[in-house]
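**Student:** Have a look at the structure that comes next, please.
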Amino acid sequence: MIEVKELYHSYTHDDRYAVDGISFAVGKGEIFGFLGPNGAGKSTTQKILTGLLPLQKGTAIVAGEDVRHSGRALFNRIGVSFENPNNYRKLTGLENLQFFASLYDVPTADPMDLLRKVGLQDTANRRAGAYSRGMQARLVFARALLNKPELLFLDEPTGGLDPNMTQQVKELILAERERGATVVLTTHNMQVAEELSDRVAFLNEGRIAAIDTPRNLKLQYGERLVAIEYRTDGELARERLSMTIEADRLRMRELLDSGKIETMHSQEASLEEVFIKITGRGLAG
Amino acid sequence: MIGVLKRILRMTAKDWRLLTRNYYVAAILLVAVMYIAATRFMIPAELNTGAHVVLWDETGSQIVRQFYETHAEDPGQLTIVGTAEEYAAAVEGYNRIGLHATGAAGLEHFAVTYQGYENARTRRLLEATLHAQAAALTGQGAELPTFATTVLNPDVVVQKPPFNESMVPIWVYSEAGMVGLLLGATLLFAEKDERTLRAIRVTPASTAEYLAARSLAMFMMGMMFTVVVTVFTVGFDVNWLALTAVVFLGSAVMTLIMMAVANMFDSLGQFIFAGIVVMTLLGLPTVAYFMPSFSPPLLRLLPTHPMIFGLREAYFPTGTPGLMTQALTQLAITLAIAFPLAALTFRRQLIARDV
């Protein structure tokens, strides 16, 4: 569904690249997560793939069309949601969706139905300017689904949402995949990416540092740990010990022999820990 | 094609809704009411620009006095005095010119009193007129050359409109052409601020469709103003078809120019200086409207020139064949050039500025 080769982009039109020679492919029906801190090049890549920025160097095929030569009709097949809510504040939520639905040449979803899905049915006739940030983000997400797209670009779709709504949006994304849509998920929320993505790409300073399924990345780069709680001098103590480091294994045996252990759980590394291990920096930065 | 039309109409409807909800439509209607009030109650139907003549005839035959009493175009603009004191008192005043005629029997000498601010052209005209009058009064007119006149278009009847109504084309031009395009730019900056342009850019709607819709919305605004002001000032007796065509083409051209310029800036605050410069340049043809002799070729190239004169022709037809056709053709050609250029530069700016 997407094929990118040696993609570069420089905002300053010199050799300072925001996107620095990345290549990847996304298969049909896949949820592909782009993970990286702010400024890593995630949004720039999405903007190039959605035609918002010109393709300076490299090739990008989106839904079978070269983005350098694709016409406006391509937008009948893709849906895009943005990190920052961008709705007409003087129009109601319903009017916003009705207006954008009218711009497509293909059959569109019922705006009221979409509002219901994102929990905005009760405020459908309220102006978007009166919506909270979370409500605006949901409206933008609903807008991306209007044309029943084959390919969805979602930039931080759960940003600013409460846990309940985050869960609802995650379910909607999975439902889109069930429908047959391909989803490109751009986020720095590793939990969302880990839960939803079939594969993830770690982006750092414009380059792809790693690309694989979350499980493989964790297995390849993560450390298998055991978290142990035990009593010592009447106090509760905690330790996380590696199952692969010899010194930790000896310590674990020592604690087991002492008979003071109260709880013991195996732990796998989080995607964020893997990211830090690979790139040397956190996702929040 | 149907999809294109549908998108243009839906975007026009959206723009109109935004114009209404931002109270721009109400503001334009309020301006229309103010212009109607000014035209009907404040600006006179006749604007007297002629000088008031104070005549002191000291000729023995009073020949000059008799001449002026007989030939004065407007008796209200003539004051006849009999003494030096009366003359000195009466000649004092704005736009007054004193004439003191002397001669034992007939006219021998004319003394003219100016206020001081009359320009050389006015003075030369007055003195030439006095020479001609003096020649006639002294019987030397027979020695003057005779004149013959030829009128190239004898059927042309130029009906001078009342002064207050002659302002209506300027009102319509200023709203449909100028204020309207500022509102178009204001909508653009609201969209930049809300980042909704970016949302439109990831739909099948093209830049050309977006600009066409904005131009249509501005035309609707301009036409609403035009109809209201026209009906309550000039009345229904105008060339409505031509008027609509001029307003449509004029407002479309102006909107496209301003949208292309406004898109080079990120906010209304940054744009305002450039906007004023553009409006001032485009506003220059208003000078030609009030001073028809001032119409250099460069001024005639501005799209506002055919708009202003096309409007005047729609309101007050001179009967000159081709005047309206010429105005509409010039506007249509300008639009045909401006539309693709505006669409191209607008799209480039959107990409370059990552809007």
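Letters A, B, ... go to the chains of the structure tokens in the order shown; residues in each chain start at 1; ligands are counted from 1 in the same order.
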Per residue of chain B within 7 Å of chain A, note the shortest atom pair and the distance in Å to one decimal, counting only C-alpha atoms, and order the rows by chain and increasing residue number, as JSON lines.
**Tutor:**
{"residue": "B:Gly3", "atom": "CA", "partner": "A:Asp105", "partner_atom": "CA", "distance": 6.2}
{"residue": "B:Arg7", "atom": "CA", "partner": "A:Leu103", "partner_atom": "CA", "distance": 5.3}
{"residue": "B:Arg10", "atom": "CA", "partner": "A:Ser102", "partner_atom": "CA", "distance": 6.8}
{"residue": "B:Leu18", "atom": "CA", "partner": "A:Lys90", "partner_atom": "CA", "distance": 6.6}
{"residue": "B:Arg21", "atom": "CA", "partner": "A:Lys90", "partner_atom": "CA", "distance": 6.8}
{"residue": "B:Glu194", "atom": "CA", "partner": "A:Asn86", "partner_atom": "CA", "distance": 5.4}
{"residue": "B:Arg195", "atom": "CA", "partner": "A:Asn86", "partner_atom": "CA", "distance": 5.1}
{"residue": "B:Thr196", "atom": "CA", "partner": "A:Asn86", "partner_atom": "CA", "distance": 5.2}
{"residue": "B:Ala199", "atom": "CA", "partner": "A:Asn86", "partner_atom": "CA", "distance": 7.0}
{"residue": "B:Val202", "atom": "CA", "partner": "A:Phe75", "partner_atom": "CA", "distance": 6.1}
{"residue": "B:Thr203", "atom": "CA", "partner": "A:Phe75", "partner_atom": "CA", "distance": 5.1}
{"residue": "B:Pro204", "atom": "CA", "partner": "A:Arg72", "partner_atom": "CA", "distance": 4.7}
{"residue": "B:Ala205", "atom": "CA", "partner": "A:Leu103", "partner_atom": "CA", "distance": 6.1}
{"residue": "B:Ser206", "atom": "CA", "partner": "A:Arg72", "partner_atom": "CA", "distance": 6.9}
{"residue": "B:Ile351", "atom": "CA", "partner": "A:Leu53", "partner_atom": "CA", "distance": 5.8}
{"residue": "B:Asp354", "atom": "CA", "partner": "A:Leu53", "partner_atom": "CA", "distance": 6.9}
**Student:** Grab the residues selected above and save them as a PDB file, in the first residue's frame with N, CA and C atoms.
**Tutor:**
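After the write, part_29.pdb holds the following:
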ATOM      1  N   GLY B   3     -18.618  16.954  -9.947  1.00  0.00           N
ATOM      2  CA  GLY B   3     -17.914  16.975  -8.669  1.00  0.00           C
ATOM      3  C   GLY B   3     -17.259  18.315  -8.417  1.00  0.00           C
ATOM      4  N   ARG B   7     -18.275  20.844  -5.405  1.00  0.00           N
ATOM      5  CA  ARG B   7     -17.304  21.310  -4.407  1.00  0.00           C
ATOM      6  C   ARG B   7     -17.257  22.826  -4.344  1.00  0.00           C
ATOM      7  N   ARG B  10     -20.352  24.021  -2.568  1.00  0.00           N
ATOM      8  CA  ARG B  10     -20.334  23.719  -1.129  1.00  0.00           C
ATOM      9  C   ARG B  10     -19.333  24.609  -0.393  1.00  0.00           C
ATOM     10  N   LEU B  18     -19.713  31.360   7.042  1.00  0.00           N
ATOM     11  CA  LEU B  18     -18.688  31.965   7.902  1.00  0.00           C
ATOM     12  C   LEU B  18     -18.801  33.489   7.882  1.00  0.00           C
ATOM     13  N   ARG B  21     -21.743  34.291  10.121  1.00  0.00           N
ATOM     14  CA  ARG B  21     -21.503  34.053  11.556  1.00  0.00           C
ATOM     15  C   ARG B  21     -20.437  34.972  12.137  1.00  0.00           C
ATOM     16  N   GLU B 194      -6.813  28.575  12.005  1.00  0.00           N
ATOM     17  CA  GLU B 194      -7.466  27.324  12.431  1.00  0.00           C
ATOM     18  C   GLU B 194      -6.809  26.091  11.800  1.00  0.00           C
ATOM     19  N   ARG B 195      -5.928  26.335  10.843  1.00  0.00           N
ATOM     20  CA  ARG B 195      -5.257  25.273  10.070  1.00  0.00           C
ATOM     21  C   ARG B 195      -6.262  24.435   9.276  1.00  0.00           C
ATOM     22  N   THR B 196      -7.394  25.024   8.948  1.00  0.00           N
ATOM     23  CA  THR B 196      -8.400  24.282   8.189  1.00  0.00           C
ATOM     24  C   THR B 196      -8.038  24.157   6.708  1.00  0.00           C
ATOM     25  N   ALA B 199      -6.601  20.944   6.190  1.00  0.00           N
ATOM     26  CA  ALA B 199      -7.615  19.884   6.147  1.00  0.00           C
ATOM     27  C   ALA B 199      -8.252  19.810   4.762  1.00  0.00           C
ATOM     28  N   VAL B 202      -6.095  17.967   2.024  1.00  0.00           N
ATOM     29  CA  VAL B 202      -6.035  16.496   1.948  1.00  0.00           C
ATOM     30  C   VAL B 202      -7.389  15.919   1.529  1.00  0.00           C
ATOM     31  N   THR B 203      -8.169  16.734   0.816  1.00  0.00           N
ATOM     32  CA  THR B 203      -9.416  16.267   0.197  1.00  0.00           C
ATOM     33  C   THR B 203      -9.253  16.447  -1.320  1.00  0.00           C
ATOM     34  N   PRO B 204     -10.186  15.946  -2.108  1.00  0.00           N
ATOM     35  CA  PRO B 204     -10.057  16.134  -3.568  1.00  0.00           C
ATOM     36  C   PRO B 204     -10.212  17.586  -4.026  1.00  0.00           C
ATOM     37  N   ALA B 205     -10.567  18.499  -3.136  1.00  0.00           N
ATOM     38  CA  ALA B 205     -10.764  19.899  -3.554  1.00  0.00           C
ATOM     39  C   ALA B 205      -9.426  20.506  -3.970  1.00  0.00           C
ATOM     40  N   SER B 206      -9.429  21.182  -5.132  1.00  0.00           N
ATOM     41  CA  SER B 206      -8.181  21.773  -5.638  1.00  0.00           C
ATOM     42  C   SER B 206      -8.098  23.243  -5.237  1.00  0.00           C
ATOM     43  N   ILE B 351       2.354  25.325  -0.158  1.00  0.00           N
ATOM     44  CA  ILE B 351       3.367  24.291   0.038  1.00  0.00           C
ATOM     45  C   ILE B 351       4.612  24.886   0.693  1.00  0.00           C
ATOM     46  N   ASP B 354       4.072  25.678   4.222  1.00  0.00           N
ATOM     47  CA  ASP B 354       3.582  24.524   4.985  1.00  0.00           C
ATOM     48  C   ASP B 354       2.259  24.860   5.687  1.00  0.00           C
TER      49      ASP B 354
END
**Student:** Enumerate as a ChimeraX atom specification all residues of range 3-167 of chain A assigned to alpha helix (DSSP H) by DSSP on the backbone, naming them with the chain letters and numbers the document uses.
**Tutor:** /A:42-49,93-101,111-117,133-144,163-167
**Student:** Go through B:Thr150, B:Thr280, B:Tyr68, B:Ile200 one by one, measure the shortest atom-to-atom distance of each to Gln133 in chain B using only C-alpha atoms, and give the residue with the smallest value.
**Tutor:** B:Tyr68
**Student:** Hey, can you check how far CA of Phe189 in chain B sits from CA of Leu19 in chain B?
**Tutor:**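 Between these atoms lies a distance of 13.1 Å.
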**Student:** Check the smallest atom-to-atom distance from each of B:Ile170, B:Leu181, B:Ala105, B:Ile308 to Val229 in chain B using only C-alpha atoms, then report the winner.
**Tutor:**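 Distance minimum relative to Val229 in chain B lands on B:Ile170.
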**Student:** Between CA of Leu130 in chain B and CA of Ala111 in chain B, what distance in Å does the model show, to one decimal?
**Tutor:**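 Computing it gives 10.3 Å between the two atoms.
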**Student:** At a cut-off of 12 Å, using only C-alpha atoms, what residues contact Pro340 in chain B? Leave out same-chain residues fewer than 2 positions from it and give the result as a tab-separated table (two decimals) with C-alpha atoms, in the first residue's frame.
**Tutor:**
chain	number	residue	atom	x	y	z
B	207	THR	CA	-6.70	25.22	-5.11
B	208	ALA	CA	-8.55	26.46	-8.20
B	209	GLU	CA	-11.87	25.24	-6.79
B	211	LEU	CA	-10.31	30.21	-5.10
B	212	ALA	CA	-13.36	30.00	-7.37
B	253	VAL	CA	-10.40	39.71	-10.27
B	256	LEU	CA	-7.94	36.64	-6.76
B	257	ILE	CA	-5.33	39.38	-6.61
B	260	ALA	CA	-2.61	35.62	-3.96
B	333	ILE	CA	-9.29	39.02	-20.11
B	334	THR	CA	-7.82	40.10	-16.78
B	335	LEU	CA	-9.79	37.36	-15.03
B	336	ALA	CA	-8.66	34.75	-17.56
B	337	ILE	CA	-5.03	35.70	-16.85
B	338	ALA	CA	-5.40	36.26	-13.11
B	342	ALA	CA	-3.45	33.19	-8.69
B	343	ALA	CA	-4.11	29.44	-8.41
B	344	LEU	CA	-0.49	28.64	-9.22
B	345	THR	CA	1.06	31.15	-6.82
B	346	PHE	CA	-1.50	30.32	-4.14
B	347	ARG	CA	-0.68	26.61	-4.30
**Student:** Extract, using only C-alpha atoms, all DNA, RNA and protein residues at most 9 Å from Arg177 in chain A, discarding same-chain residues fewer than 5 positions from it, and format them as a PDB file with N, CA and C atoms, in the first residue's frame.
**Tutor:**
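For reference, selection04.pdb as written:
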ATOM      1  N   GLY A  29      -3.729  -3.546   4.680  1.00  0.00           N
ATOM      2  CA  GLY A  29      -4.385  -4.045   5.885  1.00  0.00           C
ATOM      3  C   GLY A  29      -3.504  -4.034   7.122  1.00  0.00           C
ATOM      4  N   GLU A  30      -2.347  -3.442   6.992  1.00  0.00           N
ATOM      5  CA  GLU A  30      -1.405  -3.405   8.112  1.00  0.00           C
ATOM      6  C   GLU A  30      -1.580  -2.119   8.926  1.00  0.00           C
ATOM      7  N   ILE A  31      -1.331  -2.208  10.236  1.00  0.00           N
ATOM      8  CA  ILE A  31      -1.222  -0.981  11.036  1.00  0.00           C
ATOM      9  C   ILE A  31       0.272  -0.786  11.285  1.00  0.00           C
ATOM     10  N   LEU A 172     -11.708   1.913  17.416  1.00  0.00           N
ATOM     11  CA  LEU A 172     -12.117   2.369  16.072  1.00  0.00           C
ATOM     12  C   LEU A 172     -11.008   2.127  15.054  1.00  0.00           C
ATOM     13  N   THR A 182      -5.662   0.210   5.577  1.00  0.00           N
ATOM     14  CA  THR A 182      -4.272   0.236   6.027  1.00  0.00           C
ATOM     15  C   THR A 182      -4.111   1.494   6.882  1.00  0.00           C
ATOM     16  N   VAL A 183      -3.384   1.370   7.978  1.00  0.00           N
ATOM     17  CA  VAL A 183      -3.267   2.520   8.881  1.00  0.00           C
ATOM     18  C   VAL A 183      -1.798   2.844   9.120  1.00  0.00           C
TER      19      VAL A 183
END
